[in-house]
$ cat upload25.cif   # mmCIF, C-alpha atoms
data_entry
#
loop_
_atom_site.label_atom_id
_atom_site.label_comp_id
_atom_site.auth_asym_id
_atom_site.auth_seq_id
_atom_site.Cartn_x
_atom_site.Cartn_y
_atom_site.Cartn_z
CA MET A 1 -22.18 31.31 -20.79
CA PRO A 2 -22.24 29.22 -24.01
CA ASP A 3 -21.23 25.67 -23.13
CA THR A 4 -20.13 24.33 -26.51
CA ASP A 5 -17.49 25.13 -29.11
CA ARG A 6 -19.88 27.42 -30.96
CA PRO A 7 -21.85 30.19 -29.29
CA SER A 8 -25.50 30.06 -28.42
CA GLY A 9 -26.61 27.13 -30.54
CA THR A 10 -25.83 28.85 -33.83
CA ASP A 11 -24.74 27.21 -37.04
CA HIS A 12 -21.78 29.15 -38.42
CA GLN A 13 -20.42 29.15 -41.93
CA GLY A 14 -16.66 29.66 -42.05
CA GLY A 15 -14.38 30.67 -44.90
CA ASP A 16 -14.55 34.43 -44.36
CA GLY A 17 -11.21 34.76 -42.56
CA ARG A 18 -12.81 35.32 -39.16
CA ASP A 19 -12.64 31.83 -37.67
CA ALA A 20 -10.28 33.00 -34.91
CA LEU A 21 -12.88 35.64 -34.00
CA ARG A 22 -15.52 33.03 -33.15
CA ALA A 23 -15.84 31.73 -29.62
CA ASP A 24 -14.34 28.33 -28.84
CA CYS A 25 -15.74 27.78 -25.35
CA GLY A 26 -13.96 24.44 -24.98
CA SER A 27 -10.62 26.28 -25.08
CA CYS A 28 -11.60 28.98 -22.58
CA PHE A 29 -11.63 29.06 -18.78
CA ALA A 30 -15.23 30.38 -18.74
CA LEU A 31 -13.96 33.95 -18.54
CA CYS A 32 -17.32 35.46 -19.50
CA CYS A 33 -18.87 33.59 -16.55
CA VAL A 34 -16.41 35.12 -14.10
CA ALA A 35 -14.83 38.34 -15.35
CA LEU A 36 -18.04 40.20 -16.20
CA THR A 37 -20.56 41.97 -14.01
CA LEU A 38 -24.14 40.69 -14.17
CA THR A 39 -27.05 42.94 -13.21
CA ARG A 40 -30.36 41.38 -12.24
CA SER A 41 -32.74 42.14 -15.07
CA ALA A 42 -34.70 40.51 -17.86
CA ASP A 43 -31.34 39.24 -19.13
CA PHE A 44 -29.89 37.85 -15.89
CA ALA A 45 -31.65 36.34 -12.89
CA VAL A 46 -29.01 37.47 -10.38
CA ASN A 47 -26.55 40.21 -9.52
CA LYS A 48 -22.92 39.14 -9.82
CA ALA A 49 -19.78 41.19 -9.30
CA ALA A 50 -16.93 41.13 -11.79
CA GLY A 51 -14.36 38.52 -10.75
CA THR A 52 -16.93 36.35 -8.98
CA PRO A 53 -17.81 33.04 -10.66
CA CYS A 54 -21.42 32.63 -11.72
CA ARG A 55 -23.34 30.33 -9.40
CA ASN A 56 -24.05 28.03 -12.35
CA LEU A 57 -20.39 27.51 -13.27
CA ARG A 58 -19.13 23.95 -12.76
CA GLU A 59 -15.64 22.85 -11.80
CA ASP A 60 -14.93 21.83 -15.40
CA PHE A 61 -15.59 25.44 -16.55
CA ARG A 62 -18.92 24.51 -18.13
CA CYS A 63 -22.35 25.89 -17.42
CA GLY A 64 -24.55 23.71 -15.24
CA ILE A 65 -27.76 25.01 -16.85
CA HIS A 66 -26.56 25.56 -20.42
CA SER A 67 -29.57 23.86 -22.01
CA ARG A 68 -31.94 25.80 -19.74
CA LEU A 69 -30.40 29.27 -19.71
CA ARG A 70 -33.42 30.99 -21.22
CA THR A 71 -35.99 29.26 -19.04
CA GLU A 72 -33.87 29.77 -15.90
CA GLY A 73 -33.71 33.54 -16.40
CA PHE A 74 -30.35 33.93 -18.16
CA PRO A 75 -31.19 34.79 -21.79
CA GLY A 76 -28.38 37.34 -21.74
CA CYS A 77 -25.89 34.48 -21.58
CA THR A 78 -27.20 33.05 -24.85
CA VAL A 79 -26.70 36.42 -26.53
CA TYR A 80 -23.15 37.20 -25.44
CA ASP A 81 -20.28 36.72 -27.90
CA CYS A 82 -16.63 37.21 -26.95
CA PHE A 83 -15.40 37.23 -30.58
CA GLY A 84 -12.86 34.55 -29.68
CA ALA A 85 -11.27 36.59 -26.89
CA GLY A 86 -11.86 33.80 -24.39
CA GLN A 87 -9.57 31.30 -26.03
CA LYS A 88 -7.07 34.00 -26.96
CA VAL A 89 -6.65 35.04 -23.32
CA SER A 90 -6.83 31.53 -21.86
CA VAL A 91 -4.56 29.67 -24.26
CA GLU A 92 -2.26 32.23 -25.85
CA ILE A 93 -1.82 35.12 -23.43
CA PHE A 94 -1.84 33.05 -20.23
CA GLY A 95 -0.40 29.89 -21.72
CA GLY A 96 -3.20 27.57 -20.63
CA ARG A 97 -2.86 28.34 -16.90
CA ASP A 98 -6.36 28.62 -15.53
CA TRP A 99 -7.40 30.99 -12.77
CA ARG A 100 -8.37 28.18 -10.41
CA ALA A 101 -5.10 26.26 -10.64
CA ALA A 102 -3.06 29.47 -10.76
CA PRO A 103 -5.07 31.98 -8.68
CA GLU A 104 -2.29 34.55 -8.93
CA THR A 105 -3.28 35.01 -12.58
CA ALA A 106 -6.98 35.61 -11.88
CA GLN A 107 -7.15 39.37 -11.40
CA GLN A 108 -4.99 40.21 -14.39
CA MET A 109 -6.73 37.62 -16.56
CA PHE A 110 -10.12 39.11 -15.75
CA GLU A 111 -8.83 42.62 -16.51
CA VAL A 112 -7.33 41.59 -19.85
CA PHE A 113 -10.34 39.63 -21.11
CA PRO A 114 -12.68 42.61 -21.82
CA VAL A 115 -9.81 44.50 -23.46
CA VAL A 116 -9.07 41.66 -25.87
CA ARG A 117 -12.77 41.21 -26.46
CA GLN A 118 -13.03 44.81 -27.66
CA LEU A 119 -9.98 44.41 -29.90
CA HIS A 120 -11.41 41.24 -31.43
CA GLU A 121 -14.70 43.00 -32.10
CA LEU A 122 -12.79 45.68 -34.00
CA LEU A 123 -10.98 42.97 -35.95
CA TRP A 124 -14.38 41.54 -36.91
CA TYR A 125 -15.47 44.88 -38.37
CA LEU A 126 -12.15 45.63 -40.05
CA THR A 127 -11.94 42.19 -41.67
CA GLU A 128 -15.39 42.76 -43.14
CA ALA A 129 -14.49 46.29 -44.24
CA ALA A 130 -11.48 44.98 -46.18
CA THR A 131 -13.79 42.84 -48.34
CA LEU A 132 -16.20 45.61 -49.36
CA ALA A 133 -15.64 46.60 -52.98
CA PRO A 134 -17.16 50.11 -52.74
CA ALA A 135 -14.55 50.94 -50.08
CA ARG A 136 -11.56 49.77 -52.13
CA SER A 137 -10.09 53.28 -52.09
CA LEU A 138 -9.64 52.84 -48.34
CA ARG A 139 -8.33 49.28 -48.50
CA GLY A 140 -4.73 50.22 -47.73
CA GLU A 141 -5.76 52.19 -44.65
CA ILE A 142 -8.11 49.41 -43.57
CA LEU A 143 -5.38 46.78 -43.82
CA ARG A 144 -2.89 48.93 -41.92
CA THR A 145 -5.44 49.48 -39.14
CA LEU A 146 -6.24 45.78 -39.14
CA GLU A 147 -2.56 44.90 -38.73
CA ALA A 148 -2.13 47.49 -35.97
CA THR A 149 -5.13 46.08 -34.10
CA GLU A 150 -3.86 42.53 -34.45
CA ALA A 151 -0.50 43.69 -33.09
CA LEU A 152 -2.24 45.03 -29.97
CA THR A 153 -3.76 41.60 -29.30
CA ARG A 154 -0.21 40.19 -29.20
CA LEU A 155 0.88 42.44 -26.34
CA ASP A 156 1.63 40.76 -23.04
CA ALA A 157 -0.91 40.73 -20.24
CA ALA A 158 0.57 43.70 -18.39
CA ALA A 159 0.56 45.90 -21.48
CA LEU A 160 -2.98 44.88 -22.41
CA ALA A 161 -4.23 45.72 -18.92
CA GLU A 162 -2.88 49.26 -19.35
CA LEU A 163 -4.00 49.73 -22.96
CA ASP A 164 -6.25 52.71 -23.75
CA VAL A 165 -8.61 50.58 -25.84
CA ALA A 166 -11.27 53.32 -25.92
CA ALA A 167 -8.90 55.63 -27.80
CA HIS A 168 -8.15 52.94 -30.36
CA ARG A 169 -11.85 52.18 -30.76
CA GLY A 170 -12.45 55.85 -31.48
CA GLU A 171 -9.85 55.89 -34.25
CA VAL A 172 -11.24 52.72 -35.82
CA ALA A 173 -14.79 54.06 -35.58
CA VAL A 174 -13.87 57.05 -37.75
CA LEU A 175 -12.44 54.77 -40.42
CA LEU A 176 -15.45 52.44 -40.32
CA GLY A 177 -17.70 55.46 -40.68
CA ARG A 178 -15.94 56.42 -43.90
CA VAL A 179 -16.27 52.84 -45.15
CA SER A 180 -19.96 52.91 -44.31
CA GLU A 181 -20.57 56.10 -46.28
CA LEU A 182 -18.93 54.67 -49.40
CA VAL A 183 -20.85 51.41 -49.24
CA ARG A 184 -24.24 52.87 -48.35
CA ALA A 185 -23.96 55.32 -51.24
CA THR A 186 -24.40 52.36 -53.59
CA ALA A 187 -27.78 51.40 -52.13
CA PRO A 188 -30.63 51.82 -54.64
CA SER A 189 -33.02 53.39 -52.15
CA ARG A 190 -33.77 56.97 -53.14
CA LYS A 191 -34.05 58.17 -49.58
CA LYS A 192 -31.34 56.73 -47.35
CA ARG A 193 -32.63 57.18 -43.83
CA SER A 194 -30.41 58.27 -40.96
CA HIS A 195 -31.35 57.04 -37.51
CA ARG A 196 -27.88 57.06 -35.99
CA GLY A 197 -28.30 56.63 -32.24
CA GLY A 198 -32.04 57.07 -32.69
CA ASP A 199 -34.76 55.84 -30.36
CA LEU A 200 -36.70 53.30 -32.40
CA MET A 201 -37.80 51.14 -29.50
CA GLY A 202 -41.00 49.36 -30.44
CA ALA A 203 -41.07 51.09 -33.83
CA ARG A 204 -43.34 49.68 -36.51
CA LEU A 205 -40.98 49.13 -39.41
CA ARG A 206 -42.58 46.06 -40.96
CA LYS A 207 -41.55 45.71 -44.61
CA ALA A 208 -39.71 49.04 -44.43
CA ASP A 209 -37.15 49.81 -47.13
CA LEU A 210 -34.08 50.47 -45.00
CA ARG A 211 -31.49 49.79 -47.68
CA GLY A 212 -28.45 51.96 -47.06
CA ALA A 213 -29.89 53.36 -43.82
CA ASP A 214 -27.59 54.60 -41.08
CA LEU A 215 -28.76 52.70 -37.99
CA ARG A 216 -25.44 52.90 -36.17
CA GLY A 217 -26.11 52.75 -32.43
CA ALA A 218 -29.89 52.88 -32.92
CA TYR A 219 -32.18 51.51 -30.20
CA LEU A 220 -34.33 48.95 -32.00
CA ILE A 221 -35.46 47.12 -28.86
CA ALA A 222 -38.72 45.24 -29.56
CA ALA A 223 -39.05 46.96 -32.95
CA ASP A 224 -41.14 45.24 -35.62
CA LEU A 225 -38.77 44.73 -38.56
CA GLY A 226 -40.66 41.81 -40.04
CA GLY A 227 -39.99 41.62 -43.76
CA ALA A 228 -37.84 44.77 -43.68
CA ASP A 229 -35.06 45.23 -46.23
CA LEU A 230 -31.84 46.00 -44.35
CA ARG A 231 -29.37 45.32 -47.12
CA LEU A 232 -26.41 47.72 -47.03
CA ALA A 233 -27.71 49.28 -43.80
CA ASP A 234 -25.03 50.21 -41.25
CA LEU A 235 -25.96 48.23 -38.12
CA ILE A 236 -22.84 48.69 -36.02
CA GLY A 237 -23.83 48.90 -32.36
CA ALA A 238 -27.59 48.76 -33.09
CA ASP A 239 -29.57 47.25 -30.20
CA PHE A 240 -31.79 44.46 -31.54
CA ARG A 241 -32.95 43.03 -28.22
CA ASP A 242 -36.32 41.35 -28.77
CA ALA A 243 -36.66 42.97 -32.21
CA ASP A 244 -38.70 40.94 -34.68
CA LEU A 245 -36.59 40.11 -37.74
CA SER A 246 -38.98 37.50 -39.14
CA GLY A 247 -38.66 37.50 -42.91
CA ALA A 248 -36.22 40.43 -42.87
CA ASP A 249 -33.34 40.57 -45.36
CA LEU A 250 -30.01 41.33 -43.69
CA THR A 251 -27.77 39.97 -46.44
CA GLY A 252 -25.11 42.57 -47.10
CA ALA A 253 -25.94 44.50 -43.93
CA LEU A 254 -22.85 46.29 -42.64
CA PHE A 255 -21.07 45.33 -39.42
CA LEU A 256 -23.73 43.00 -38.05
CA THR A 257 -22.56 40.63 -35.30
CA GLN A 258 -23.73 37.30 -33.95
CA ALA A 259 -24.56 38.90 -30.61
CA GLN A 260 -27.00 41.28 -32.30
CA VAL A 261 -28.65 38.41 -34.16
CA ASN A 262 -28.83 36.31 -31.00
CA ALA A 263 -30.59 39.15 -29.17
CA ALA A 264 -33.36 39.39 -31.75
CA ARG A 265 -36.28 37.19 -32.72
CA GLY A 266 -36.36 35.68 -36.17
CA SER A 267 -37.74 32.93 -38.35
CA GLY A 268 -36.80 30.46 -41.03
CA THR A 269 -37.39 33.15 -43.64
CA THR A 270 -34.97 35.68 -42.09
CA ARG A 271 -32.02 36.13 -44.43
CA LEU A 272 -28.63 36.55 -42.76
CA PRO A 273 -25.09 37.24 -43.97
CA ALA A 274 -23.17 34.02 -44.63
CA SER A 275 -20.79 34.82 -41.77
CA LEU A 276 -23.54 34.56 -39.15
CA GLY A 277 -25.57 31.64 -37.82
CA ARG A 278 -29.26 31.21 -37.15
CA PRO A 279 -29.89 31.17 -33.36
CA ALA A 280 -31.41 28.02 -31.92
CA HIS A 281 -34.21 29.98 -30.22
CA TRP A 282 -35.55 31.40 -33.49
CA THR A 283 -38.76 29.88 -34.83
CA ALA A 284 -38.65 27.52 -37.77
#

$ encode --input "upload25.cif" --output "structure tokens"
Amino acid sequence: MPDTDRPSGTDHQGGDGRDALRADCGSCFALCCVALTLTRSADFAVNKAAGTPCRNLREDFRCGIHSRLRTEGFPGCTVYDCFGAGQKVSVEIFGGRDWRAAPETAQQMFEVFPVVRQLHELLWYLTEAATLAPARSLRGEILRTLEATEALTRLDAAALAELDVAAHRGEVAVLLGRVSELVRATAPSRKKRSHRGGDLMGARLRKADLRGADLRGAYLIAADLGGADLRLADLIGADFRDADLSGADLTGALFLTQAQVNAARGSGTTRLPASLGRPAHWTA
């Protein structure tokens, strides 16, 4: 998928303690191009089974069409973010032994990669949660959960392959929900909308006041959010594929990820959290 040391042509700003949770494709054995299943769709031009290398993968673990992914029918590759799991699995867990040179590692490596990816995503959210002043009453619990999640990423490959990561995600989700409630309560909007898991596909929300809204898991595919105010909105798991964020204000939005931003359309006037980069495919 991404062929450089930063995902999808974005310009990241560091300093938020999450550098290890950003993809370093040059230190990865292209695990996202092999371990994952691809389904032919608007996102991927082909079907590909998990464990089978993408047809565009070169011998040096780089993408042969990286600069043309969108025009060649693979926009989904420019959206994907492993949260740094690729280099964690390749370099730390498997000690730099790649699946081509050491084929006996391949199956386990491909099984471990999505597990670590999920754990790193949780670390992204928890690291953010620990910085949120309105949730300071939960800071001790957040830090303990953060440490426990980090400890799971240090398990060996066999233990990671057997880990019930869904159960851990469920526990973390409850804590993040409590954090969200405390933070969103500080939003100035009089009516804090709840669209958790809602179907907002194609919704006309231009210039909507969504400060403090609960949009967790909402389907915002192709929604018009131009000029919308999404400060302090909970966006964890929200689907922004092809949503128009031109001129929208997402500074201070809760639990937003680079993958969500990459999936959307935006402009030079879209305001993003400092931790996220502006995708190369957005308009100036």

$ residues_around --input "upload25.cif" --residues "stretch 31-37 of chain A" --least-positions-apart "4" --cutoff "10 Å" --atoms "all atoms listed in the file" --output "PyMOL selection string"
chain A and resi 1-2+25+47-57+61-63+77+80-82+85-87+89-90+98-99+106-107+109-114

$ resolve_selection --input "upload25.cif" --expression "the PyMOL selection byres ((chain A and resi 195) around 10)" --output "ChimeraX atom specification"
/A:192-194,196-200,213-219

$ resolve_selection --input "upload25.cif" --expression "the PyMOL selection byres ((chain A and resi 233-237) around 8)" --output "short mmCIF file (atom, residue, chain, number, x, y, z; two decimals) with C-alpha atoms, in the frame of the given file"
data_model
loop_
_atom_site.label_atom_id
_atom_site.label_comp_id
_atom_site.auth_asym_id
_atom_site.auth_seq_id
_atom_site.Cartn_x
_atom_site.Cartn_y
_atom_site.Cartn_z
CA SER A 180 -19.96 52.91 -44.31
CA ARG A 184 -24.24 52.87 -48.35
CA LEU A 210 -34.08 50.47 -45.00
CA ARG A 211 -31.49 49.79 -47.68
CA GLY A 212 -28.45 51.96 -47.06
CA ALA A 213 -29.89 53.36 -43.82
CA ASP A 214 -27.59 54.60 -41.08
CA LEU A 215 -28.76 52.70 -37.99
CA ARG A 216 -25.44 52.90 -36.17
CA GLY A 217 -26.11 52.75 -32.43
CA ALA A 218 -29.89 52.88 -32.92
CA LEU A 230 -31.84 46.00 -44.35
CA ARG A 231 -29.37 45.32 -47.12
CA LEU A 232 -26.41 47.72 -47.03
CA ALA A 238 -27.59 48.76 -33.09
CA ASP A 239 -29.57 47.25 -30.20
CA GLY A 252 -25.11 42.57 -47.10
CA ALA A 253 -25.94 44.50 -43.93
CA LEU A 254 -22.85 46.29 -42.64
CA PHE A 255 -21.07 45.33 -39.42
CA LEU A 256 -23.73 43.00 -38.05
#

$ closest_residue --input "upload25.cif" --among "A:Ala102, A:Leu126, A:Ala222, A:Ala259" --to "A:Leu245" --atoms "all atoms listed in the file"
A:Ala222

$ residues_around --input "upload25.cif" --residues "A:Gly266" --least-positions-apart "4" --cutoff "10 Å" --atoms "only C-alpha atoms" --output "short mmCIF file (atom, residue, chain, number, x, y, z; two decimals) with C-alpha atoms, in the coordinates of the input"
data_model
loop_
_atom_site.label_atom_id
_atom_site.label_comp_id
_atom_site.auth_asym_id
_atom_site.auth_seq_id
_atom_site.Cartn_x
_atom_site.Cartn_y
_atom_site.Cartn_z
CA LEU A 225 -38.77 44.73 -38.56
CA GLY A 226 -40.66 41.81 -40.04
CA ASP A 242 -36.32 41.35 -28.77
CA ALA A 243 -36.66 42.97 -32.21
CA ASP A 244 -38.70 40.94 -34.68
CA LEU A 245 -36.59 40.11 -37.74
CA SER A 246 -38.98 37.50 -39.14
CA GLY A 247 -38.66 37.50 -42.91
CA ALA A 248 -36.22 40.43 -42.87
CA VAL A 261 -28.65 38.41 -34.16
CA ASN A 262 -28.83 36.31 -31.00
CA THR A 270 -34.97 35.68 -42.09
CA ARG A 271 -32.02 36.13 -44.43
CA ARG A 278 -29.26 31.21 -37.15
CA PRO A 279 -29.89 31.17 -33.36
CA HIS A 281 -34.21 29.98 -30.22
CA TRP A 282 -35.55 31.40 -33.49
CA THR A 283 -38.76 29.88 -34.83
CA ALA A 284 -38.65 27.52 -37.77
#

$ decode --input "upload25.cif" --residues "stretch 61-75 of chain A" --atoms "N, CA, C and O atoms" --output "PDB file, in the first residue's frame"
ATOM      1  N   PHE A  61       9.573  -5.119  -1.767  1.00  0.00           N
ATOM      2  CA  PHE A  61       8.470  -4.835  -0.842  1.00  0.00           C
ATOM      3  C   PHE A  61       7.854  -3.448  -1.054  1.00  0.00           C
ATOM      4  O   PHE A  61       7.213  -2.907  -0.162  1.00  0.00           O
ATOM      5  N   ARG A  62       8.031  -2.896  -2.222  1.00  0.00           N
ATOM      6  CA  ARG A  62       7.404  -1.610  -2.543  1.00  0.00           C
ATOM      7  C   ARG A  62       6.324  -1.809  -3.595  1.00  0.00           C
ATOM      8  O   ARG A  62       6.309  -2.812  -4.308  1.00  0.00           O
ATOM      9  N   CYS A  63       5.437  -0.831  -3.658  1.00  0.00           N
ATOM     10  CA  CYS A  63       4.328  -0.913  -4.601  1.00  0.00           C
ATOM     11  C   CYS A  63       4.759  -0.433  -5.982  1.00  0.00           C
ATOM     12  O   CYS A  63       5.312   0.662  -6.118  1.00  0.00           O
ATOM     13  N   GLY A  64       4.465  -1.236  -6.994  1.00  0.00           N
ATOM     14  CA  GLY A  64       4.862  -0.895  -8.346  1.00  0.00           C
ATOM     15  C   GLY A  64       4.039   0.214  -8.971  1.00  0.00           C
ATOM     16  O   GLY A  64       4.447   0.788  -9.992  1.00  0.00           O
ATOM     17  N   ILE A  65       2.879   0.536  -8.366  1.00  0.00           N
ATOM     18  CA  ILE A  65       2.027   1.591  -8.929  1.00  0.00           C
ATOM     19  C   ILE A  65       1.700   2.631  -7.865  1.00  0.00           C
ATOM     20  O   ILE A  65       0.645   3.273  -7.915  1.00  0.00           O
ATOM     21  N   HIS A  66       2.590   2.829  -6.911  1.00  0.00           N
ATOM     22  CA  HIS A  66       2.309   3.705  -5.775  1.00  0.00           C
ATOM     23  C   HIS A  66       1.809   5.080  -6.205  1.00  0.00           C
ATOM     24  O   HIS A  66       0.838   5.602  -5.648  1.00  0.00           O
ATOM     25  N   SER A  67       2.446   5.678  -7.193  1.00  0.00           N
ATOM     26  CA  SER A  67       2.060   7.024  -7.617  1.00  0.00           C
ATOM     27  C   SER A  67       0.765   7.041  -8.418  1.00  0.00           C
ATOM     28  O   SER A  67       0.201   8.099  -8.674  1.00  0.00           O
ATOM     29  N   ARG A  68       0.274   5.836  -8.793  1.00  0.00           N
ATOM     30  CA  ARG A  68      -0.922   5.758  -9.631  1.00  0.00           C
ATOM     31  C   ARG A  68      -2.039   4.945  -8.972  1.00  0.00           C
ATOM     32  O   ARG A  68      -2.974   4.514  -9.652  1.00  0.00           O
ATOM     33  N   LEU A  69      -1.967   4.730  -7.699  1.00  0.00           N
ATOM     34  CA  LEU A  69      -2.934   3.864  -7.023  1.00  0.00           C
ATOM     35  C   LEU A  69      -4.373   4.296  -7.261  1.00  0.00           C
ATOM     36  O   LEU A  69      -5.241   3.463  -7.549  1.00  0.00           O
ATOM     37  N   ARG A  70      -4.648   5.563  -7.176  1.00  0.00           N
ATOM     38  CA  ARG A  70      -6.021   6.039  -7.342  1.00  0.00           C
ATOM     39  C   ARG A  70      -6.502   5.888  -8.776  1.00  0.00           C
ATOM     40  O   ARG A  70      -7.631   5.479  -9.021  1.00  0.00           O
ATOM     41  N   THR A  71      -5.651   6.211  -9.737  1.00  0.00           N
ATOM     42  CA  THR A  71      -6.063   6.112 -11.137  1.00  0.00           C
ATOM     43  C   THR A  71      -6.103   4.672 -11.624  1.00  0.00           C
ATOM     44  O   THR A  71      -6.799   4.361 -12.595  1.00  0.00           O
ATOM     45  N   GLU A  72      -5.383   3.767 -10.945  1.00  0.00           N
ATOM     46  CA  GLU A  72      -5.356   2.360 -11.339  1.00  0.00           C
ATOM     47  C   GLU A  72      -6.436   1.542 -10.644  1.00  0.00           C
ATOM     48  O   GLU A  72      -6.500   0.328 -10.803  1.00  0.00           O
ATOM     49  N   GLY A  73      -7.282   2.194  -9.839  1.00  0.00           N
ATOM     50  CA  GLY A  73      -8.386   1.488  -9.202  1.00  0.00           C
ATOM     51  C   GLY A  73      -8.116   0.974  -7.806  1.00  0.00           C
ATOM     52  O   GLY A  73      -8.827   0.082  -7.332  1.00  0.00           O
ATOM     53  N   PHE A  74      -7.119   1.557  -7.117  1.00  0.00           N
ATOM     54  CA  PHE A  74      -6.793   1.109  -5.761  1.00  0.00           C
ATOM     55  C   PHE A  74      -6.810   2.275  -4.762  1.00  0.00           C
ATOM     56  O   PHE A  74      -5.881   2.429  -3.967  1.00  0.00           O
ATOM     57  N   PRO A  75      -7.873   3.079  -4.751  1.00  0.00           N
ATOM     58  CA  PRO A  75      -7.904   4.181  -3.779  1.00  0.00           C
ATOM     59  C   PRO A  75      -7.917   3.691  -2.335  1.00  0.00           C
ATOM     60  O   PRO A  75      -7.477   4.397  -1.430  1.00  0.00           O
TER      61      PRO A  75
END
